[in-house]
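Reviewing the structure listed below.
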Amino acid sequence: MKGNFFHATIETMDPEELQILQEKKLKKQIKYVYEKSEFYQRKFKEAGLLPGDIRSIHDLRKIPFTEKDELRESQEKNPPLGSHAAVDMEKVIRIHSSSGTTGNPSFIGITRHDHEVWTQITGRSIYAWGIRPSDVIIHAVGLTLFVGGLPVKDAIENIGATFVPIGTGASERVIFTAQLLRANALHCTPSYAIYLADYVRNKKNMEPRDLGFRKIICGAEQGGGIPAIRKRIQEDYDCFLTEGMGNSDAAPIVFGECPEQSGMHFCGQEYILCEVIDPDTEKVLEMKEGLKGELVYTHLDRECCPLIRFRSRDHIEVWTDRCGCGRTSFRIRCFGRTDDMLTVLGVNVFPSAIRDVVGSLRPKTTGEVLVALEKPGPAVTPPLKLEVEYGKEAVHLAELKNEIETLLNSRLNFRASVDLVPEGSLPRYEMKAKLVKKLWEA
Ligand SMILES: [Zn+2]
């Protein structure tokens, strides 16, 4: 740790120089995976490939993708960790699980070496957020099994900052502890930051800014990077908000946003390789400014549960121009997951983008919105039905309805039918927000 950087040499490395290092590690990892993982040995054979066929990052394209369903099946057929796991249980020191947003949760094992790598990558991301040894951080996300729990603790302690493990569903404890310990940072989901602000106002008769959190770090869902939500949380708490993103199967926090607030830096440099693909054609896209696509992960240094070309289903936008902080890695913003995506007359619509538009009309709206789907997506016949909460300052509801529908059409290019509902009618979430109501399940 030195000045602005957790690992200055790597974080400021010339991208071409980094690529040489990545290629060297890729060849070693491919050989390891082929020798140790039955799952990948089979996949390679089916594709008619030998480890020697992969000599460059470009050659990676010869290898088929790995899907989450394949990992799940591999684990069901070959417990405990699946035939993709490349070590005996004797070498595994901890088990985590994916959150199971789609399907059953699956387990992820790490060896002592994997643990060191996770602490390094996660540490770079957290340091990029601006966390330093003098910070006292209230951890208000899950602690058990979830990769955003103990690995974050390890990384924060490694930096030398103070980790305060509170977990979820304990707002009274968050408030009490924050005040008593003079905690200056909060790690939570953006939904929780909004929930807590309402909670202290309604139940404690105090302002969120009086809690003293000057740094709020968001993760585990999109929202921290949605302009209307970021603005709302920063104003409510008088704080600086940055966000991070990881993937249970890849590493806990692979991307961390620096105080320049212009996207999350890639922090897995020599440990993970990222590709961006067109999710429909599956073609690899050139990493360049403004690129949009799906993120694909390949481990370059993983012992247990290594992945090659793992489709994350995260849809991202990429920036490659140089950041003011001095880090040379590319930056991203995640705007949704494949499971959340809707298609209205061929136009892709992510609920997080709708939330941004509705939130930009605060205080005429409360910022809360629910997409009401009549049948399973992604295809939706317009108009897309939305429930939007109007705020205290909304006077002419017919005009507001029209304003929201027009703004959605001009900004996101689809036709909506807005049903305005009073403040407090839509559900609030302490962990991740659910933005879609499935009417056929109701
Ligand atoms: Zn930066």
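Please note that chains go A, B, ... in the order of the structure tokens, that every chain numbers its residues from 1, and that ligands are numbered from 1 in the order shown.
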What do you get as a PDB file with N, CA and C atoms, in the first residue's frame if you pick all residues at most 12 Å from ligand 1, counting only C-alpha atoms and all ligand atoms?
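Written output follows (out_18.pdb):
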ATOM      1  N   ASN A   4      -1.895   6.416  -3.243  1.00  0.00           N
ATOM      2  CA  ASN A   4      -3.185   6.180  -3.877  1.00  0.00           C
ATOM      3  C   ASN A   4      -3.472   4.712  -4.179  1.00  0.00           C
ATOM      4  N   PHE A   5      -2.433   3.880  -4.125  1.00  0.00           N
ATOM      5  CA  PHE A   5      -2.577   2.516  -4.639  1.00  0.00           C
ATOM      6  C   PHE A   5      -2.344   1.422  -3.609  1.00  0.00           C
ATOM      7  N   GLU A  11      -1.227  -1.761 -10.559  1.00  0.00           N
ATOM      8  CA  GLU A  11      -2.367  -0.890 -10.854  1.00  0.00           C
ATOM      9  C   GLU A  11      -2.047   0.239 -11.846  1.00  0.00           C
ATOM     10  N   THR A  12      -0.745   0.535 -12.002  1.00  0.00           N
ATOM     11  CA  THR A  12      -0.380   1.592 -12.954  1.00  0.00           C
ATOM     12  C   THR A  12       0.372   1.014 -14.161  1.00  0.00           C
ATOM     13  N   ARG A 124      -7.516  -4.422  -3.400  1.00  0.00           N
ATOM     14  CA  ARG A 124      -7.316  -3.370  -4.418  1.00  0.00           C
ATOM     15  C   ARG A 124      -8.607  -2.597  -4.650  1.00  0.00           C
ATOM     16  N   SER A 125      -9.739  -3.338  -4.727  1.00  0.00           N
ATOM     17  CA  SER A 125     -11.030  -2.686  -4.987  1.00  0.00           C
ATOM     18  C   SER A 125     -11.424  -1.785  -3.825  1.00  0.00           C
ATOM     19  N   TYR A 127      -9.468  -0.493  -1.512  1.00  0.00           N
ATOM     20  CA  TYR A 127      -8.523   0.628  -1.412  1.00  0.00           C
ATOM     21  C   TYR A 127      -8.863   1.687  -2.463  1.00  0.00           C
ATOM     22  N   ALA A 128      -9.268   1.197  -3.663  1.00  0.00           N
ATOM     23  CA  ALA A 128      -9.671   2.129  -4.724  1.00  0.00           C
ATOM     24  C   ALA A 128     -10.872   2.961  -4.276  1.00  0.00           C
ATOM     25  N   TRP A 129     -11.777   2.371  -3.493  1.00  0.00           N
ATOM     26  CA  TRP A 129     -12.935   3.122  -2.983  1.00  0.00           C
ATOM     27  C   TRP A 129     -12.510   4.311  -2.124  1.00  0.00           C
ATOM     28  N   GLY A 130     -11.289   4.221  -1.601  1.00  0.00           N
ATOM     29  CA  GLY A 130     -10.817   5.292  -0.737  1.00  0.00           C
ATOM     30  C   GLY A 130     -10.787   4.879   0.733  1.00  0.00           C
ATOM     31  N   THR A 242     -19.228   5.421  -3.578  1.00  0.00           N
ATOM     32  CA  THR A 242     -18.566   4.683  -4.657  1.00  0.00           C
ATOM     33  C   THR A 242     -19.127   3.261  -4.626  1.00  0.00           C
ATOM     34  N   PHE A 255     -14.245  -5.348  -9.173  1.00  0.00           N
ATOM     35  CA  PHE A 255     -14.235  -3.968  -9.667  1.00  0.00           C
ATOM     36  C   PHE A 255     -14.489  -3.008  -8.508  1.00  0.00           C
ATOM     37  N   GLY A 256     -13.684  -1.953  -8.443  1.00  0.00           N
ATOM     38  CA  GLY A 256     -13.876  -0.959  -7.395  1.00  0.00           C
ATOM     39  C   GLY A 256     -13.786   0.443  -7.984  1.00  0.00           C
ATOM     40  N   GLU A 257     -14.730   1.282  -7.609  1.00  0.00           N
ATOM     41  CA  GLU A 257     -14.743   2.642  -8.147  1.00  0.00           C
ATOM     42  C   GLU A 257     -13.891   3.562  -7.278  1.00  0.00           C
ATOM     43  N   CYS A 258     -13.099   4.413  -7.926  1.00  0.00           N
ATOM     44  CA  CYS A 258     -12.250   5.337  -7.179  1.00  0.00           C
ATOM     45  C   CYS A 258     -13.013   6.645  -6.947  1.00  0.00           C
ATOM     46  N   PRO A 259     -12.464   7.552  -6.125  1.00  0.00           N
ATOM     47  CA  PRO A 259     -13.190   8.803  -5.837  1.00  0.00           C
ATOM     48  C   PRO A 259     -13.423   9.716  -7.055  1.00  0.00           C
ATOM     49  N   GLU A 260     -12.862   9.398  -8.220  1.00  0.00           N
ATOM     50  CA  GLU A 260     -13.183  10.176  -9.429  1.00  0.00           C
ATOM     51  C   GLU A 260     -14.635   9.901  -9.845  1.00  0.00           C
ATOM     52  N   GLN A 261     -15.210   8.843  -9.315  1.00  0.00           N
ATOM     53  CA  GLN A 261     -16.604   8.451  -9.572  1.00  0.00           C
ATOM     54  C   GLN A 261     -16.944   8.319 -11.057  1.00  0.00           C
ATOM     55  N   SER A 262     -16.016   7.723 -11.808  1.00  0.00           N
ATOM     56  CA  SER A 262     -16.312   7.583 -13.233  1.00  0.00           C
ATOM     57  C   SER A 262     -16.248   6.125 -13.662  1.00  0.00           C
ATOM     58  N   GLY A 263     -16.900   5.266 -12.900  1.00  0.00           N
ATOM     59  CA  GLY A 263     -16.935   3.845 -13.230  1.00  0.00           C
ATOM     60  C   GLY A 263     -16.022   3.041 -12.315  1.00  0.00           C
ATOM     61  N   MET A 264     -16.257   1.725 -12.285  1.00  0.00           N
ATOM     62  CA  MET A 264     -15.488   0.853 -11.388  1.00  0.00           C
ATOM     63  C   MET A 264     -14.255   0.311 -12.102  1.00  0.00           C
ATOM     64  N   HIS A 265     -13.086   0.473 -11.467  1.00  0.00           N
ATOM     65  CA  HIS A 265     -11.836  -0.029 -12.031  1.00  0.00           C
ATOM     66  C   HIS A 265     -11.759  -1.547 -11.934  1.00  0.00           C
ATOM     67  N   PHE A 266     -11.217  -2.157 -12.972  1.00  0.00           N
ATOM     68  CA  PHE A 266     -10.932  -3.591 -12.931  1.00  0.00           C
ATOM     69  C   PHE A 266      -9.741  -3.783 -12.000  1.00  0.00           C
ATOM     70  N   CYS A 267      -9.882  -4.629 -10.992  1.00  0.00           N
ATOM     71  CA  CYS A 267      -8.819  -4.801  -9.997  1.00  0.00           C
ATOM     72  C   CYS A 267      -8.269  -6.229  -9.950  1.00  0.00           C
ATOM     73  N   TRP A 319     -15.264   1.858 -20.070  1.00  0.00           N
ATOM     74  CA  TRP A 319     -14.471   3.054 -20.391  1.00  0.00           C
ATOM     75  C   TRP A 319     -13.000   2.691 -20.353  1.00  0.00           C
ATOM     76  N   THR A 320     -12.269   3.100 -21.376  1.00  0.00           N
ATOM     77  CA  THR A 320     -10.845   2.765 -21.419  1.00  0.00           C
ATOM     78  C   THR A 320      -9.963   4.004 -21.350  1.00  0.00           C
ATOM     79  N   ASP A 321     -10.561   5.203 -21.337  1.00  0.00           N
ATOM     80  CA  ASP A 321      -9.726   6.408 -21.264  1.00  0.00           C
ATOM     81  C   ASP A 321      -9.084   6.471 -19.873  1.00  0.00           C
ATOM     82  N   ARG A 322      -7.999   7.224 -19.762  1.00  0.00           N
ATOM     83  CA  ARG A 322      -7.245   7.255 -18.508  1.00  0.00           C
ATOM     84  C   ARG A 322      -8.024   7.988 -17.416  1.00  0.00           C
ATOM     85  N   CYS A 323      -8.005   7.396 -16.232  1.00  0.00           N
ATOM     86  CA  CYS A 323      -8.709   7.965 -15.095  1.00  0.00           C
ATOM     87  C   CYS A 323      -7.766   8.904 -14.345  1.00  0.00           C
ATOM     88  N   GLY A 324      -8.319   9.934 -13.755  1.00  0.00           N
ATOM     89  CA  GLY A 324      -7.537  10.913 -13.011  1.00  0.00           C
ATOM     90  C   GLY A 324      -6.782  10.341 -11.825  1.00  0.00           C
ATOM     91  N   CYS A 325      -7.177   9.175 -11.351  1.00  0.00           N
ATOM     92  CA  CYS A 325      -6.532   8.585 -10.159  1.00  0.00           C
ATOM     93  C   CYS A 325      -5.188   7.949 -10.484  1.00  0.00           C
ATOM     94  N   GLY A 326      -4.929   7.703 -11.774  1.00  0.00           N
ATOM     95  CA  GLY A 326      -3.648   7.108 -12.167  1.00  0.00           C
ATOM     96  C   GLY A 326      -3.712   5.612 -12.441  1.00  0.00           C
ATOM     97  N   ARG A 327      -4.819   4.967 -12.084  1.00  0.00           N
ATOM     98  CA  ARG A 327      -4.949   3.532 -12.391  1.00  0.00           C
ATOM     99  C   ARG A 327      -5.100   3.378 -13.902  1.00  0.00           C
ATOM    100  N   THR A 328      -4.465   2.338 -14.440  1.00  0.00           N
ATOM    101  CA  THR A 328      -4.491   2.175 -15.894  1.00  0.00           C
ATOM    102  C   THR A 328      -5.541   1.167 -16.360  1.00  0.00           C
ATOM    103  N   SER A 329      -6.220   0.522 -15.411  1.00  0.00           N
ATOM    104  CA  SER A 329      -7.190  -0.503 -15.814  1.00  0.00           C
ATOM    105  C   SER A 329      -8.466   0.110 -16.376  1.00  0.00           C
ATOM    106  N   PHE A 330      -9.181  -0.681 -17.187  1.00  0.00           N
ATOM    107  CA  PHE A 330     -10.447  -0.199 -17.737  1.00  0.00           C
ATOM    108  C   PHE A 330     -11.490  -0.087 -16.623  1.00  0.00           C
ATOM    109  N   ARG A 331     -12.543   0.669 -16.900  1.00  0.00           N
ATOM    110  CA  ARG A 331     -13.591   0.865 -15.898  1.00  0.00           C
ATOM    111  C   ARG A 331     -14.931   0.439 -16.481  1.00  0.00           C
ATOM    112  N   ILE A 332     -15.832   0.047 -15.585  1.00  0.00           N
ATOM    113  CA  ILE A 332     -17.147  -0.385 -16.060  1.00  0.00           C
ATOM    114  C   ILE A 332     -18.279   0.195 -15.209  1.00  0.00           C
TER     115      ILE A 332
END
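Taking the backbone of this structure through DSSP, the residues of segment 124-195 of chain A that come out as strand (DSSP E) are Val136, Ile137, Ile138, His139, Thr162, Phe163, Val164, Pro165, Ala185, Leu186, His187 and Cys188 of chain A.
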Selected residues, all heavy atoms, written as a compact mmCIF listing (two decimals), in the first residue's frame, please.
# COMPACT_ATOMS: atom_id res chain seq x y z
N VAL A 136 -13.41 3.54 9.89
CA VAL A 136 -14.19 2.56 10.67
C VAL A 136 -15.44 2.24 9.85
O VAL A 136 -16.27 3.12 9.59
CB VAL A 136 -14.57 3.12 12.06
CG1 VAL A 136 -15.43 2.12 12.83
CG2 VAL A 136 -13.31 3.48 12.85
N ILE A 137 -15.53 0.99 9.41
CA ILE A 137 -16.56 0.63 8.44
C ILE A 137 -17.63 -0.27 9.04
O ILE A 137 -17.33 -1.36 9.54
CB ILE A 137 -15.93 -0.11 7.23
CG1 ILE A 137 -14.85 0.78 6.61
CG2 ILE A 137 -16.97 -0.49 6.18
CD1 ILE A 137 -13.65 0.02 6.19
N ILE A 138 -18.86 0.18 8.98
CA ILE A 138 -19.99 -0.65 9.39
C ILE A 138 -20.36 -1.54 8.19
O ILE A 138 -20.69 -1.03 7.10
CB ILE A 138 -21.22 0.22 9.77
CG1 ILE A 138 -20.90 1.11 10.96
CG2 ILE A 138 -22.45 -0.66 10.01
CD1 ILE A 138 -21.08 0.52 12.32
N HIS A 139 -20.32 -2.84 8.39
CA HIS A 139 -20.63 -3.79 7.33
C HIS A 139 -22.09 -4.21 7.50
O HIS A 139 -22.43 -4.95 8.42
CB HIS A 139 -19.68 -4.99 7.46
CG HIS A 139 -19.88 -6.07 6.45
ND1 HIS A 139 -19.31 -6.04 5.20
CD2 HIS A 139 -20.59 -7.22 6.49
CE1 HIS A 139 -19.65 -7.12 4.53
NE2 HIS A 139 -20.43 -7.87 5.29
N THR A 162 -10.85 -0.52 10.19
CA THR A 162 -11.59 -1.23 11.23
C THR A 162 -12.90 -1.77 10.68
O THR A 162 -13.73 -1.00 10.17
CB THR A 162 -11.88 -0.27 12.41
OG1 THR A 162 -10.66 0.36 12.77
CG2 THR A 162 -12.46 -1.01 13.60
N PHE A 163 -13.07 -3.07 10.78
CA PHE A 163 -14.24 -3.75 10.24
C PHE A 163 -15.24 -3.99 11.38
O PHE A 163 -14.89 -4.60 12.40
CB PHE A 163 -13.79 -5.09 9.64
CG PHE A 163 -14.90 -5.91 9.03
CD1 PHE A 163 -15.42 -5.60 7.78
CD2 PHE A 163 -15.44 -6.99 9.72
CE1 PHE A 163 -16.42 -6.37 7.21
CE2 PHE A 163 -16.45 -7.77 9.15
CZ PHE A 163 -16.94 -7.45 7.89
N VAL A 164 -16.47 -3.51 11.21
CA VAL A 164 -17.50 -3.71 12.23
C VAL A 164 -18.62 -4.57 11.64
O VAL A 164 -19.45 -4.08 10.86
CB VAL A 164 -18.07 -2.35 12.73
CG1 VAL A 164 -19.01 -2.57 13.91
CG2 VAL A 164 -16.96 -1.38 13.10
N PRO A 165 -18.64 -5.87 11.97
CA PRO A 165 -19.61 -6.76 11.33
C PRO A 165 -21.00 -6.69 11.94
O PRO A 165 -21.22 -7.17 13.05
CB PRO A 165 -18.99 -8.15 11.56
CG PRO A 165 -18.13 -8.02 12.77
CD PRO A 165 -17.74 -6.58 12.91
N ALA A 185 -17.75 5.10 7.76
CA ALA A 185 -18.04 4.47 6.46
C ALA A 185 -19.08 3.37 6.62
O ALA A 185 -19.17 2.72 7.67
CB ALA A 185 -16.75 3.89 5.87
N LEU A 186 -19.88 3.20 5.58
CA LEU A 186 -20.94 2.19 5.59
C LEU A 186 -20.84 1.36 4.31
O LEU A 186 -20.77 1.92 3.21
CB LEU A 186 -22.31 2.88 5.66
CG LEU A 186 -23.56 1.99 5.53
CD1 LEU A 186 -23.72 1.07 6.73
CD2 LEU A 186 -24.82 2.87 5.37
N HIS A 187 -20.82 0.04 4.47
CA HIS A 187 -20.82 -0.86 3.32
C HIS A 187 -22.19 -1.53 3.27
O HIS A 187 -22.58 -2.23 4.22
CB HIS A 187 -19.71 -1.91 3.47
CG HIS A 187 -19.66 -2.92 2.36
ND1 HIS A 187 -19.34 -4.24 2.55
CD2 HIS A 187 -19.90 -2.78 1.03
CE1 HIS A 187 -19.38 -4.88 1.40
NE2 HIS A 187 -19.72 -4.02 0.46
N CYS A 188 -22.94 -1.29 2.20
CA CYS A 188 -24.31 -1.82 2.14
C CYS A 188 -24.80 -1.86 0.69
O CYS A 188 -24.10 -1.42 -0.21
CB CYS A 188 -25.23 -0.93 2.97
SG CYS A 188 -25.37 0.76 2.38
- Item | Contacts of Lys204 of chain A within 10 Å, only C-alpha atoms, excl. fewer than 4 positions in-chain, as a PyMOL selection string | chain A and resi 172+175+198-200+208
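When only C-alpha atoms are used to measure the gap to Ser56 of chain A, the shortest distance among A:Lys27, A:Lys36, A:Lys2, A:Lys77 belongs to A:Lys27.
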- Go through A:Arg355, A:Arg309, A:Arg132, A:Lys364 one by one, measure the shortest atom-to-atom distance of each to Ala394 of chain A using only C-alpha atoms, and give the residue with the smallest value.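 Answer, going by the shortest atom-to-atom distance: A:Lys364.
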